[in-house]
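Q: Please find one structure pasted underneath; my questions will follow.
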Amino acid sequence: MTAIFPWPDTITAALTAAGLDPRHVAEVADRTLAEDLSWGPDVTSEATLSPEATGTADVVSRKPGCLAGVPVAAAVLHTQAHRDGTTVQVDLVAADGDRVRPGDRVLTASGPLRTLLTGERSMLNLLCQLSGVATATAAWADALAGTPTRVRDTRKTVPGLRVLQKYAVRCGGGVNHRMGLGDAALIKDNHVAAAGSVAAAYAAVRRHAPQIAVEVECDTLAQVAEAIEAGAQLVLLDNMDAETARAAVDLAHPAGVRTEASGGLTLADVAAYGASGVDYISVGALTHSATVLDLGFDLRE
């Protein structure tokens, strides 16, 4: 059977099992490699390595963290091999969602050294970035362990990487908010100001898109009550302290309305929000400010 993608069917199966569209991954991989090669071929590798030189290299963790994007990394290396007209063997040693320690091996790649080293940085850029998101998310998920509260992401993502970053959030134990502007409605302060009130904004959205869930951003308990009365399924508690969030929960939950705390949250105070009973906390920093996980690509001698 001829592969549809420039990698073995096992990689396609791994991506699909992870809930990722292999076509999207193929586009990201090709775009990332093309960016690095826009100014010409890898002159360093071409100068120092013969086309016949082969070898094996390992992706190894330098820091403790949580992995995301291991099959994506394999897809990048196979894509580079396809561009070069060569083949590589990539073995996934660890899985997305695994916790790693310094020195742990993540994957092993064998093949032409020119191909491996040309694809190295593009592969690591994606793997380290996604694993950084997963690692940051895992820290929040761990801090909320034992509470009913789940951490979730926002739309504050790196342009072009939203689907993969939100996948990395899931790998770290978080849950996704809306993927874009069209799969759910979020009525914010500017919408309320334009419509005249929370109730008016809610009614307008419900008339326009009756099939989608509607969340309402609330700054005060009075707005929470108004949103509940209007029929909102979820209220966003914007920049409320934990005590006020608890009062909002007491208003919302008896009405079957879920709650989400957002704005200015830190790991130091997350336990208090978990104790307040909110259903979610949303943290934009999971995707817009996560520190990459330090992973290296070490060539075996």
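Each chain in the structure tokens gets a letter, A, B and so on, in the order shown; residues start at 1 in every chain, and ligands are counted from 1 in the order they appear.
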What's the 12 Å shell around Val158 of chain A, counting only C-alpha atoms, without same-chain residues fewer than 5 positions away, as a VMD selection string?
A: chain A and resid 126 129 to 130 133 163 to 166 284 to 290
Q: How would the residues just chosen look if you wrote them out with C-alpha atoms as a PDB file, in the first residue's frame?
A:
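Final output, saved to out-v1.pdb:
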```
ATOM      1  CA  LEU A 126       7.834  21.840  17.611  1.00  0.00           C
ATOM      2  CA  GLN A 129       7.309  24.013  22.312  1.00  0.00           C
ATOM      3  CA  LEU A 130       4.474  21.526  22.610  1.00  0.00           C
ATOM      4  CA  VAL A 133       2.804  23.688  26.956  1.00  0.00           C
ATOM      5  CA  VAL A 163      -4.518  22.858  17.119  1.00  0.00           C
ATOM      6  CA  LEU A 164      -1.192  21.421  18.252  1.00  0.00           C
ATOM      7  CA  GLN A 165      -0.929  23.666  21.315  1.00  0.00           C
ATOM      8  CA  LYS A 166      -4.430  22.764  22.429  1.00  0.00           C
ATOM      9  CA  GLY A 284      -3.756  32.013  28.760  1.00  0.00           C
ATOM     10  CA  ALA A 285      -0.141  31.546  29.827  1.00  0.00           C
ATOM     11  CA  LEU A 286      -0.396  27.821  29.087  1.00  0.00           C
ATOM     12  CA  THR A 287      -0.022  28.618  25.406  1.00  0.00           C
ATOM     13  CA  HIS A 288       1.195  32.198  25.055  1.00  0.00           C
ATOM     14  CA  SER A 289       3.988  32.112  27.669  1.00  0.00           C
ATOM     15  CA  ALA A 290       4.956  28.496  28.309  1.00  0.00           C
TER      16      ALA A 290
END
```
Q: List the spatial neighbours of His253 of chain A as a list in words - criterion: any atom at most 12 Å away, only C-alpha atoms, same-chain residues fewer than 3 positions off excluded.
A: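 Skipping anything fewer than 3 positions along the chain leaves Val224, Ala225, Ile228, Ala232, Gln233, Leu234, Val235, Ala245, Arg246, Ala247, Ala248, Val249, Asp250, Gly256, Val257, Arg258, Thr259, Glu260, Ser276, Gly277, Val278 and Asp279 of chain A.
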Q: Smallest atom-to-atom distance to Gly173 of chain A: which of A:Asp98, A:Glu52, A:Asp91, A:Asp189, using only C-alpha atoms?
A: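 Smallest separation from Gly173 of chain A among the options: A:Asp98.
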Q: Neighbouring residues of Val90 of chain A were defined as those with any atom within 8 Å, considering only C-alpha atoms; residues of the same chain fewer than 4 positions away were excluded. Please report them as JSON, numbers by chain.
A: {"A": [74, 77, 78, 107, 108, 109, 110]}
Q: From the options A:Leu237, A:Ala222, A:Leu116, A:Ile281, which residue's atoms come nearest to Val198 of chain A, counting only C-alpha atoms?
A: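 Counting only C-alpha atoms, the residue closest to Val198 of chain A is A:Ala222.
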Q: Counting only C-alpha atoms, figure out which residue out of A:Phe297, A:Trp39, A:Tyr202, A:Trp7 gets nearest to Thr56 of chain A.
A: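 Of A:Phe297, A:Trp39, A:Tyr202, A:Trp7, the one nearest Thr56 of chain A, counting only C-alpha atoms, is A:Phe297.
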Q: Hey, what does DSSP flag as helix (DSSP H, G or I) within segment 214-267 of chain A? Can you give it to me as a PyMOL selection string?
A: chain A and resi 221-230+242-255
Q: Take the residues from that selection and put them in a file with N, CA and C atoms, as a CSV table (one decimal), in the first residue's frame.
A:
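After the write, again-v9.csv holds the following:
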```csv
chain,number,residue,atom,x,y,z
A,221,LEU,N,-21.0,40.0,40.8
A,221,LEU,CA,-22.1,39.0,41.2
A,221,LEU,C,-23.4,39.4,40.5
A,222,ALA,N,-23.7,40.7,40.4
A,222,ALA,CA,-24.9,41.1,39.8
A,222,ALA,C,-25.0,40.7,38.3
A,223,GLN,N,-23.8,40.8,37.6
A,223,GLN,CA,-23.8,40.3,36.3
A,223,GLN,C,-23.9,38.8,36.2
A,224,VAL,N,-23.4,38.1,37.2
A,224,VAL,CA,-23.6,36.6,37.2
A,224,VAL,C,-25.0,36.3,37.3
A,225,ALA,N,-25.7,37.0,38.2
A,225,ALA,CA,-27.2,36.7,38.4
A,225,ALA,C,-27.9,37.0,37.1
A,226,GLU,N,-27.5,38.1,36.4
A,226,GLU,CA,-28.2,38.5,35.2
A,226,GLU,C,-28.0,37.5,34.1
A,227,ALA,N,-26.7,36.9,34.0
A,227,ALA,CA,-26.4,35.9,33.0
A,227,ALA,C,-27.2,34.6,33.3
A,228,ILE,N,-27.3,34.3,34.5
A,228,ILE,CA,-28.0,33.1,34.9
A,228,ILE,C,-29.5,33.2,34.5
A,229,GLU,N,-30.1,34.4,34.8
A,229,GLU,CA,-31.4,34.7,34.5
A,229,GLU,C,-31.7,34.6,33.0
A,230,ALA,N,-30.7,35.1,32.2
A,230,ALA,CA,-30.8,35.2,30.8
A,230,ALA,C,-30.7,33.8,30.1
A,242,ALA,N,-11.0,34.6,45.1
A,242,ALA,CA,-11.5,33.3,45.4
A,242,ALA,C,-12.8,33.3,46.2
A,243,GLU,N,-12.9,34.3,47.1
A,243,GLU,CA,-14.1,34.4,48.0
A,243,GLU,C,-15.3,34.8,47.1
A,244,THR,N,-15.1,35.8,46.2
A,244,THR,CA,-16.2,36.2,45.3
A,244,THR,C,-16.5,35.1,44.4
A,245,ALA,N,-15.5,34.3,43.9
A,245,ALA,CA,-15.8,33.2,43.0
A,245,ALA,C,-16.7,32.2,43.7
A,246,ARG,N,-16.4,31.9,45.0
A,246,ARG,CA,-17.2,31.0,45.8
A,246,ARG,C,-18.7,31.5,45.8
A,247,ALA,N,-18.9,32.8,46.0
A,247,ALA,CA,-20.2,33.3,46.0
A,247,ALA,C,-20.9,33.2,44.7
A,248,ALA,N,-20.1,33.3,43.6
A,248,ALA,CA,-20.7,33.1,42.3
A,248,ALA,C,-21.1,31.7,42.0
A,249,VAL,N,-20.3,30.8,42.5
A,249,VAL,CA,-20.6,29.3,42.4
A,249,VAL,C,-21.9,29.0,43.1
A,250,ASP,N,-22.1,29.6,44.3
A,250,ASP,CA,-23.3,29.4,45.1
A,250,ASP,C,-24.6,29.9,44.3
A,251,LEU,N,-24.4,30.9,43.5
A,251,LEU,CA,-25.5,31.4,42.6
A,251,LEU,C,-25.7,30.5,41.4
A,252,ALA,N,-24.6,30.1,40.8
A,252,ALA,CA,-24.7,29.4,39.5
A,252,ALA,C,-25.0,27.9,39.6
A,253,HIS,N,-24.4,27.2,40.5
A,253,HIS,CA,-24.6,25.7,40.5
A,253,HIS,C,-26.0,25.3,40.8
A,254,PRO,N,-26.7,25.9,41.7
A,254,PRO,CA,-28.1,25.5,41.9
A,254,PRO,C,-29.0,25.7,40.7
A,255,ALA,N,-28.5,26.6,39.8
A,255,ALA,CA,-29.3,26.8,38.5
A,255,ALA,C,-28.7,25.9,37.4
```
Q: Mind the document's chain letters and residue numbers, and return as a ChimeraX atom specification the residues of segment 24-245 of chain A that DSSP labels strand (DSSP E or B).
A: /A:54-61,65-66,89-92,99-100,105-112,150-152,175,185-187,214-218,234-238
Q: Do you have the atom CA of Gly174 of chain A-atom CA of Ala201 of chain A distance handy?
A: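 Distance between the two atoms: 29.4 Å.
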Q: Rank nothing, just name the residue among A:Thr16, A:Gln89, A:Thr115, A:Gln80 nearest to Tyr167 of chain A, using only C-alpha atoms.
A: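 So, comparing all the options, the nearest one is A:Thr16.
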Q: For a quick check of understanding, using only C-alpha atoms, which of A:Ala81, A:Leu127, A:Val43, A:Ala271 has the smallest distance to Cys66 of chain A?
A: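 Residue with the minimum atom-to-atom distance to Cys66 of chain A: A:Leu127.
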Q: I'd like the contact shell of Glu301 of chain A - 12 Å cut-off, only C-alpha atoms, skipping same-chain residues fewer than 5 positions apart - returned as a PyMOL selection string.
A: chain A and resi 54-58
Q: Could you work out how far atom CA of Tyr273 of chain A lies from atom CA of Val192 of chain A, giving the answer in Å with one decimal?
A: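 Those two atoms sit 25.8 Å apart.
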Q: For Ala75 of chain A, which residue out of A:Arg162, A:Arg23, A:Arg101, A:Arg114 is the nearest one, using only C-alpha atoms?
A: A:Arg23
